[in-house]
Amino acid sequence: MQEDISTIFENDPAARSWFEVVFTYSGLHALWAHRVAHHLYKNHWYTIARVISQWSRFMTGIEIHPGAVIGRRFFIDHGMGVIIGETCEIGDDVVLYQGVTLGGTGKEKGKRHPTIGSNVVIASGAKVLGSFLVGDNSRIGSNAVVLSEVPPNSTVVGIPGRIVKRDGVRVGRLDHNNLPDPVIDMFRQLQQQIDDLKLEVETIKQTSGGSQDHGA
């Protein structure tokens, strides 16, 4: 529990005191409730475990299935609308922001939710759907929809999620609002091509006009 509280101070500059963290941080409450529910779930007390998880969902706005496996120093910032599925596995030092879904894609049996590696940051509104691995040290951008495996040390943005780089520089851990946008980059490239074509047309017009004047 002490490590959980220390993790919040490391990740949230707004945290002022232990008292405030213990009594007002919904992500921490959801994590502690999950630990109780997960212990009961592993011992086949499924209904009681689900009751605890649903009570936690009602109180915190965060839904964590009691079957999910969560590593150490896990941090949910704000947390409203976060959903973590039954067969989801989460490594150490993972950060989730509000509105994140770690879910499945259908009614398949067995492992149907993602496995999140260690030191991963998943930004607001992102959806990671399906049974695949998100590698260590990866970053998922805001509102991205990730449907396939993500290699370690990657940054993913867009719908569907695409792996991108920012000048080869690793994106800072909490710098999830400053990720590259491949759609905007594409529009910029198109605009540059249009500008180049306009310049070429103007050059041709001036050349043609000068040739006609010279002929006259």
# chains A, B, ... in the order shown; residues from 1 in each chain; ligands from 1
>>> select_by_dssp(residues="region 5-213 of chain A", states="strand (DSSP E or B)", output="JSON, numbers by chain")
{"A": [63, 64, 69, 70, 75, 76, 83, 84, 89, 90, 95, 96, 101, 102, 103, 115, 116, 121, 122, 127, 128, 129, 133, 134, 139, 140, 145, 146, 150, 155, 156, 157, 162, 163, 164]}
>>> residues_around(residues="Ala30 (chain A)", least_positions_apart="2", cutoff="8 Å", atoms="only C-alpha atoms", output="number ranges by chain")
A: 26-28, 32-34, 56-57, 60, 62-64
>>> closest_atom_pairs(of="region 61-94 of chain A", to="region 133-143 of chain A", cutoff="12 Å", atoms="only C-alpha atoms", output="JSON lines")
{"residue": "A:Cys88", "atom": "CA", "partner": "A:Leu133", "partner_atom": "CA", "distance": 10.2}
{"residue": "A:Glu89", "atom": "CA", "partner": "A:Leu133", "partner_atom": "CA", "distance": 9.4}
{"residue": "A:Ile90", "atom": "CA", "partner": "A:Val134", "partner_atom": "CA", "distance": 9.6}
{"residue": "A:Gly91", "atom": "CA", "partner": "A:Asp136", "partner_atom": "CA", "distance": 8.5}
{"residue": "A:Asp92", "atom": "CA", "partner": "A:Asp136", "partner_atom": "CA", "distance": 9.5}
{"residue": "A:Asp93", "atom": "CA", "partner": "A:Asn137", "partner_atom": "CA", "distance": 9.6}
{"residue": "A:Val94", "atom": "CA", "partner": "A:Asn137", "partner_atom": "CA", "distance": 9.1}
>>> write_last_selection(atoms="all heavy atoms", output="compact mmCIF listing (two decimals), in the first residue's frame")
# COMPACT_ATOMS: atom_id res chain seq x y z
N CYS A 88 -7.04 -9.57 -19.08
CA CYS A 88 -5.99 -8.57 -19.27
C CYS A 88 -4.86 -8.80 -18.28
O CYS A 88 -5.09 -9.14 -17.11
CB CYS A 88 -6.58 -7.17 -19.08
SG CYS A 88 -5.44 -5.86 -19.50
N GLU A 89 -3.63 -8.63 -18.75
CA GLU A 89 -2.44 -8.72 -17.90
C GLU A 89 -1.65 -7.42 -18.05
O GLU A 89 -1.36 -7.00 -19.17
CB GLU A 89 -1.58 -9.92 -18.30
CG GLU A 89 -2.30 -11.25 -18.19
CD GLU A 89 -1.46 -12.39 -18.73
OE1 GLU A 89 -0.30 -12.53 -18.29
OE2 GLU A 89 -1.96 -13.12 -19.61
N ILE A 90 -1.30 -6.83 -16.93
CA ILE A 90 -0.62 -5.54 -16.93
C ILE A 90 0.69 -5.67 -16.16
O ILE A 90 0.72 -6.18 -15.04
CB ILE A 90 -1.51 -4.45 -16.30
CG1 ILE A 90 -2.80 -4.31 -17.10
CG2 ILE A 90 -0.78 -3.13 -16.21
CD1 ILE A 90 -3.80 -3.36 -16.48
N GLY A 91 1.78 -5.19 -16.76
CA GLY A 91 3.10 -5.28 -16.13
C GLY A 91 3.31 -4.21 -15.07
O GLY A 91 2.36 -3.58 -14.58
N ASP A 92 4.56 -3.98 -14.73
CA ASP A 92 4.92 -3.01 -13.69
C ASP A 92 5.06 -1.60 -14.27
O ASP A 92 5.36 -1.44 -15.46
CB ASP A 92 6.25 -3.41 -13.04
CG ASP A 92 6.18 -4.76 -12.35
OD1 ASP A 92 5.08 -5.16 -11.92
OD2 ASP A 92 7.23 -5.43 -12.26
N ASP A 93 4.82 -0.60 -13.44
CA ASP A 93 5.06 0.81 -13.79
C ASP A 93 4.23 1.25 -14.99
O ASP A 93 4.72 1.98 -15.87
CB ASP A 93 6.54 1.05 -14.06
CG ASP A 93 7.41 0.70 -12.86
OD1 ASP A 93 7.27 1.35 -11.82
OD2 ASP A 93 8.21 -0.26 -12.97
N VAL A 94 2.99 0.84 -15.03
CA VAL A 94 2.08 1.21 -16.12
C VAL A 94 1.20 2.37 -15.67
O VAL A 94 0.74 2.41 -14.53
CB VAL A 94 1.22 0.01 -16.55
CG1 VAL A 94 0.12 0.42 -17.53
CG2 VAL A 94 2.09 -1.07 -17.17
>>> select_by_dssp(residues="region 12-201 of chain A", states="alpha helix (DSSP H)", output="number ranges by chain")
A: 18-24, 26-42, 46-60, 182-201
>>> decode(residues="region 118-164 of chain A", atoms="N, CA and C atoms", output="PDB file, in the first residue's frame")
ATOM      1  N   SER A 118       5.669  -3.701 -19.282  1.00  0.00           N
ATOM      2  CA  SER A 118       6.064  -2.787 -18.213  1.00  0.00           C
ATOM      3  C   SER A 118       6.437  -1.414 -18.767  1.00  0.00           C
ATOM      4  N   ASN A 119       6.246  -0.395 -17.928  1.00  0.00           N
ATOM      5  CA  ASN A 119       6.614   0.992 -18.260  1.00  0.00           C
ATOM      6  C   ASN A 119       5.885   1.488 -19.511  1.00  0.00           C
ATOM      7  N   VAL A 120       4.615   1.158 -19.591  1.00  0.00           N
ATOM      8  CA  VAL A 120       3.761   1.580 -20.710  1.00  0.00           C
ATOM      9  C   VAL A 120       2.846   2.705 -20.244  1.00  0.00           C
ATOM     10  N   VAL A 121       2.638   3.701 -21.098  1.00  0.00           N
ATOM     11  CA  VAL A 121       1.693   4.793 -20.828  1.00  0.00           C
ATOM     12  C   VAL A 121       0.600   4.744 -21.883  1.00  0.00           C
ATOM     13  N   ILE A 122      -0.659   4.711 -21.438  1.00  0.00           N
ATOM     14  CA  ILE A 122      -1.796   4.707 -22.349  1.00  0.00           C
ATOM     15  C   ILE A 122      -2.624   5.957 -22.055  1.00  0.00           C
ATOM     16  N   ALA A 123      -2.703   6.858 -23.023  1.00  0.00           N
ATOM     17  CA  ALA A 123      -3.274   8.184 -22.800  1.00  0.00           C
ATOM     18  C   ALA A 123      -4.801   8.175 -22.896  1.00  0.00           C
ATOM     19  N   SER A 124      -5.394   9.313 -22.610  1.00  0.00           N
ATOM     20  CA  SER A 124      -6.848   9.458 -22.446  1.00  0.00           C
ATOM     21  C   SER A 124      -7.623   8.953 -23.653  1.00  0.00           C
ATOM     22  N   GLY A 125      -8.636   8.150 -23.381  1.00  0.00           N
ATOM     23  CA  GLY A 125      -9.563   7.713 -24.418  1.00  0.00           C
ATOM     24  C   GLY A 125      -9.063   6.609 -25.320  1.00  0.00           C
ATOM     25  N   ALA A 126      -7.858   6.122 -25.123  1.00  0.00           N
ATOM     26  CA  ALA A 126      -7.317   5.080 -25.999  1.00  0.00           C
ATOM     27  C   ALA A 126      -8.032   3.752 -25.770  1.00  0.00           C
ATOM     28  N   LYS A 127      -8.166   2.975 -26.849  1.00  0.00           N
ATOM     29  CA  LYS A 127      -8.787   1.653 -26.786  1.00  0.00           C
ATOM     30  C   LYS A 127      -7.781   0.620 -27.279  1.00  0.00           C
ATOM     31  N   VAL A 128      -7.481  -0.353 -26.455  1.00  0.00           N
ATOM     32  CA  VAL A 128      -6.600  -1.446 -26.830  1.00  0.00           C
ATOM     33  C   VAL A 128      -7.445  -2.706 -26.794  1.00  0.00           C
ATOM     34  N   LEU A 129      -7.747  -3.261 -27.972  1.00  0.00           N
ATOM     35  CA  LEU A 129      -8.769  -4.297 -28.081  1.00  0.00           C
ATOM     36  C   LEU A 129      -8.214  -5.551 -28.726  1.00  0.00           C
ATOM     37  N   GLY A 130      -8.255  -6.653 -27.984  1.00  0.00           N
ATOM     38  CA  GLY A 130      -7.821  -7.920 -28.535  1.00  0.00           C
ATOM     39  C   GLY A 130      -6.740  -8.569 -27.704  1.00  0.00           C
ATOM     40  N   SER A 131      -6.447  -9.835 -28.027  1.00  0.00           N
ATOM     41  CA  SER A 131      -5.448 -10.602 -27.293  1.00  0.00           C
ATOM     42  C   SER A 131      -4.095 -10.490 -27.992  1.00  0.00           C
ATOM     43  N   PHE A 132      -3.314  -9.510 -27.609  1.00  0.00           N
ATOM     44  CA  PHE A 132      -1.979  -9.312 -28.159  1.00  0.00           C
ATOM     45  C   PHE A 132      -1.139  -8.551 -27.141  1.00  0.00           C
ATOM     46  N   LEU A 133       0.133  -8.393 -27.456  1.00  0.00           N
ATOM     47  CA  LEU A 133       1.072  -7.764 -26.525  1.00  0.00           C
ATOM     48  C   LEU A 133       1.359  -6.324 -26.914  1.00  0.00           C
ATOM     49  N   VAL A 134       1.308  -5.448 -25.934  1.00  0.00           N
ATOM     50  CA  VAL A 134       1.845  -4.093 -26.074  1.00  0.00           C
ATOM     51  C   VAL A 134       3.192  -4.101 -25.366  1.00  0.00           C
ATOM     52  N   GLY A 135       4.274  -3.958 -26.140  1.00  0.00           N
ATOM     53  CA  GLY A 135       5.618  -4.150 -25.612  1.00  0.00           C
ATOM     54  C   GLY A 135       6.040  -3.133 -24.574  1.00  0.00           C
ATOM     55  N   ASP A 136       7.066  -3.468 -23.837  1.00  0.00           N
ATOM     56  CA  ASP A 136       7.608  -2.600 -22.789  1.00  0.00           C
ATOM     57  C   ASP A 136       7.993  -1.226 -23.342  1.00  0.00           C
ATOM     58  N   ASN A 137       7.833  -0.212 -22.493  1.00  0.00           N
ATOM     59  CA  ASN A 137       8.268   1.169 -22.793  1.00  0.00           C
ATOM     60  C   ASN A 137       7.518   1.794 -23.968  1.00  0.00           C
ATOM     61  N   SER A 138       6.327   1.302 -24.273  1.00  0.00           N
ATOM     62  CA  SER A 138       5.554   1.856 -25.382  1.00  0.00           C
ATOM     63  C   SER A 138       4.611   2.947 -24.894  1.00  0.00           C
ATOM     64  N   ARG A 139       4.161   3.776 -25.850  1.00  0.00           N
ATOM     65  CA  ARG A 139       3.241   4.872 -25.565  1.00  0.00           C
ATOM     66  C   ARG A 139       2.070   4.782 -26.530  1.00  0.00           C
ATOM     67  N   ILE A 140       0.865   4.842 -25.984  1.00  0.00           N
ATOM     68  CA  ILE A 140      -0.350   4.841 -26.802  1.00  0.00           C
ATOM     69  C   ILE A 140      -0.976   6.222 -26.693  1.00  0.00           C
ATOM     70  N   GLY A 141      -1.169   6.900 -27.817  1.00  0.00           N
ATOM     71  CA  GLY A 141      -1.652   8.270 -27.816  1.00  0.00           C
ATOM     72  C   GLY A 141      -3.134   8.390 -27.500  1.00  0.00           C
ATOM     73  N   SER A 142      -3.563   9.590 -27.197  1.00  0.00           N
ATOM     74  CA  SER A 142      -4.964   9.861 -26.853  1.00  0.00           C
ATOM     75  C   SER A 142      -5.898   9.441 -27.980  1.00  0.00           C
ATOM     76  N   ASN A 143      -6.955   8.711 -27.602  1.00  0.00           N
ATOM     77  CA  ASN A 143      -8.032   8.284 -28.504  1.00  0.00           C
ATOM     78  C   ASN A 143      -7.573   7.311 -29.595  1.00  0.00           C
ATOM     79  N   ALA A 144      -6.371   6.783 -29.488  1.00  0.00           N
ATOM     80  CA  ALA A 144      -5.925   5.765 -30.445  1.00  0.00           C
ATOM     81  C   ALA A 144      -6.743   4.492 -30.257  1.00  0.00           C
ATOM     82  N   VAL A 145      -6.915   3.750 -31.348  1.00  0.00           N
ATOM     83  CA  VAL A 145      -7.578   2.444 -31.293  1.00  0.00           C
ATOM     84  C   VAL A 145      -6.554   1.413 -31.771  1.00  0.00           C
ATOM     85  N   VAL A 146      -6.055   0.619 -30.848  1.00  0.00           N
ATOM     86  CA  VAL A 146      -4.988  -0.337 -31.137  1.00  0.00           C
ATOM     87  C   VAL A 146      -5.594  -1.731 -31.270  1.00  0.00           C
ATOM     88  N   LEU A 147      -5.371  -2.364 -32.430  1.00  0.00           N
ATOM     89  CA  LEU A 147      -5.992  -3.652 -32.732  1.00  0.00           C
ATOM     90  C   LEU A 147      -4.977  -4.747 -33.025  1.00  0.00           C
ATOM     91  N   SER A 148      -3.699  -4.438 -32.944  1.00  0.00           N
ATOM     92  CA  SER A 148      -2.672  -5.437 -33.230  1.00  0.00           C
ATOM     93  C   SER A 148      -1.452  -5.193 -32.354  1.00  0.00           C
ATOM     94  N   GLU A 149      -0.553  -6.151 -32.354  1.00  0.00           N
ATOM     95  CA  GLU A 149       0.602  -6.123 -31.455  1.00  0.00           C
ATOM     96  C   GLU A 149       1.462  -4.884 -31.652  1.00  0.00           C
ATOM     97  N   VAL A 150       1.984  -4.392 -30.532  1.00  0.00           N
ATOM     98  CA  VAL A 150       2.849  -3.212 -30.535  1.00  0.00           C
ATOM     99  C   VAL A 150       4.237  -3.637 -30.049  1.00  0.00           C
ATOM    100  N   PRO A 151       5.270  -3.451 -30.858  1.00  0.00           N
ATOM    101  CA  PRO A 151       6.626  -3.823 -30.424  1.00  0.00           C
ATOM    102  C   PRO A 151       7.085  -2.940 -29.264  1.00  0.00           C
ATOM    103  N   PRO A 152       8.090  -3.385 -28.525  1.00  0.00           N
ATOM    104  CA  PRO A 152       8.625  -2.557 -27.433  1.00  0.00           C
ATOM    105  C   PRO A 152       9.144  -1.210 -27.947  1.00  0.00           C
ATOM    106  N   ASN A 153       9.127  -0.214 -27.066  1.00  0.00           N
ATOM    107  CA  ASN A 153       9.705   1.108 -27.347  1.00  0.00           C
ATOM    108  C   ASN A 153       9.030   1.803 -28.527  1.00  0.00           C
ATOM    109  N   SER A 154       7.725   1.591 -28.676  1.00  0.00           N
ATOM    110  CA  SER A 154       6.992   2.182 -29.797  1.00  0.00           C
ATOM    111  C   SER A 154       6.032   3.254 -29.306  1.00  0.00           C
ATOM    112  N   THR A 155       5.679   4.156 -30.226  1.00  0.00           N
ATOM    113  CA  THR A 155       4.637   5.149 -29.984  1.00  0.00           C
ATOM    114  C   THR A 155       3.546   4.924 -31.009  1.00  0.00           C
ATOM    115  N   VAL A 156       2.302   4.795 -30.542  1.00  0.00           N
ATOM    116  CA  VAL A 156       1.177   4.479 -31.424  1.00  0.00           C
ATOM    117  C   VAL A 156       0.138   5.582 -31.328  1.00  0.00           C
ATOM    118  N   VAL A 157      -0.337   6.065 -32.477  1.00  0.00           N
ATOM    119  CA  VAL A 157      -1.404   7.062 -32.506  1.00  0.00           C
ATOM    120  C   VAL A 157      -2.375   6.712 -33.619  1.00  0.00           C
ATOM    121  N   GLY A 158      -3.568   7.321 -33.590  1.00  0.00           N
ATOM    122  CA  GLY A 158      -4.496   7.234 -34.705  1.00  0.00           C
ATOM    123  C   GLY A 158      -5.520   6.130 -34.598  1.00  0.00           C
ATOM    124  N   ILE A 159      -6.449   6.132 -35.597  1.00  0.00           N
ATOM    125  CA  ILE A 159      -7.515   5.134 -35.705  1.00  0.00           C
ATOM    126  C   ILE A 159      -7.492   4.579 -37.125  1.00  0.00           C
ATOM    127  N   PRO A 160      -7.166   3.315 -37.336  1.00  0.00           N
ATOM    128  CA  PRO A 160      -6.603   2.409 -36.327  1.00  0.00           C
ATOM    129  C   PRO A 160      -5.196   2.831 -35.937  1.00  0.00           C
ATOM    130  N   GLY A 161      -4.730   2.310 -34.825  1.00  0.00           N
ATOM    131  CA  GLY A 161      -3.431   2.711 -34.308  1.00  0.00           C
ATOM    132  C   GLY A 161      -2.293   2.432 -35.274  1.00  0.00           C
ATOM    133  N   ARG A 162      -1.394   3.404 -35.405  1.00  0.00           N
ATOM    134  CA  ARG A 162      -0.215   3.268 -36.264  1.00  0.00           C
ATOM    135  C   ARG A 162       1.030   3.618 -35.455  1.00  0.00           C
ATOM    136  N   ILE A 163       2.069   2.857 -35.679  1.00  0.00           N
ATOM    137  CA  ILE A 163       3.330   3.104 -34.982  1.00  0.00           C
ATOM    138  C   ILE A 163       4.038   4.276 -35.663  1.00  0.00           C
ATOM    139  N   VAL A 164       4.408   5.277 -34.881  1.00  0.00           N
ATOM    140  CA  VAL A 164       5.063   6.471 -35.426  1.00  0.00           C
ATOM    141  C   VAL A 164       6.299   6.805 -34.601  1.00  0.00           C
TER     142      VAL A 164
END
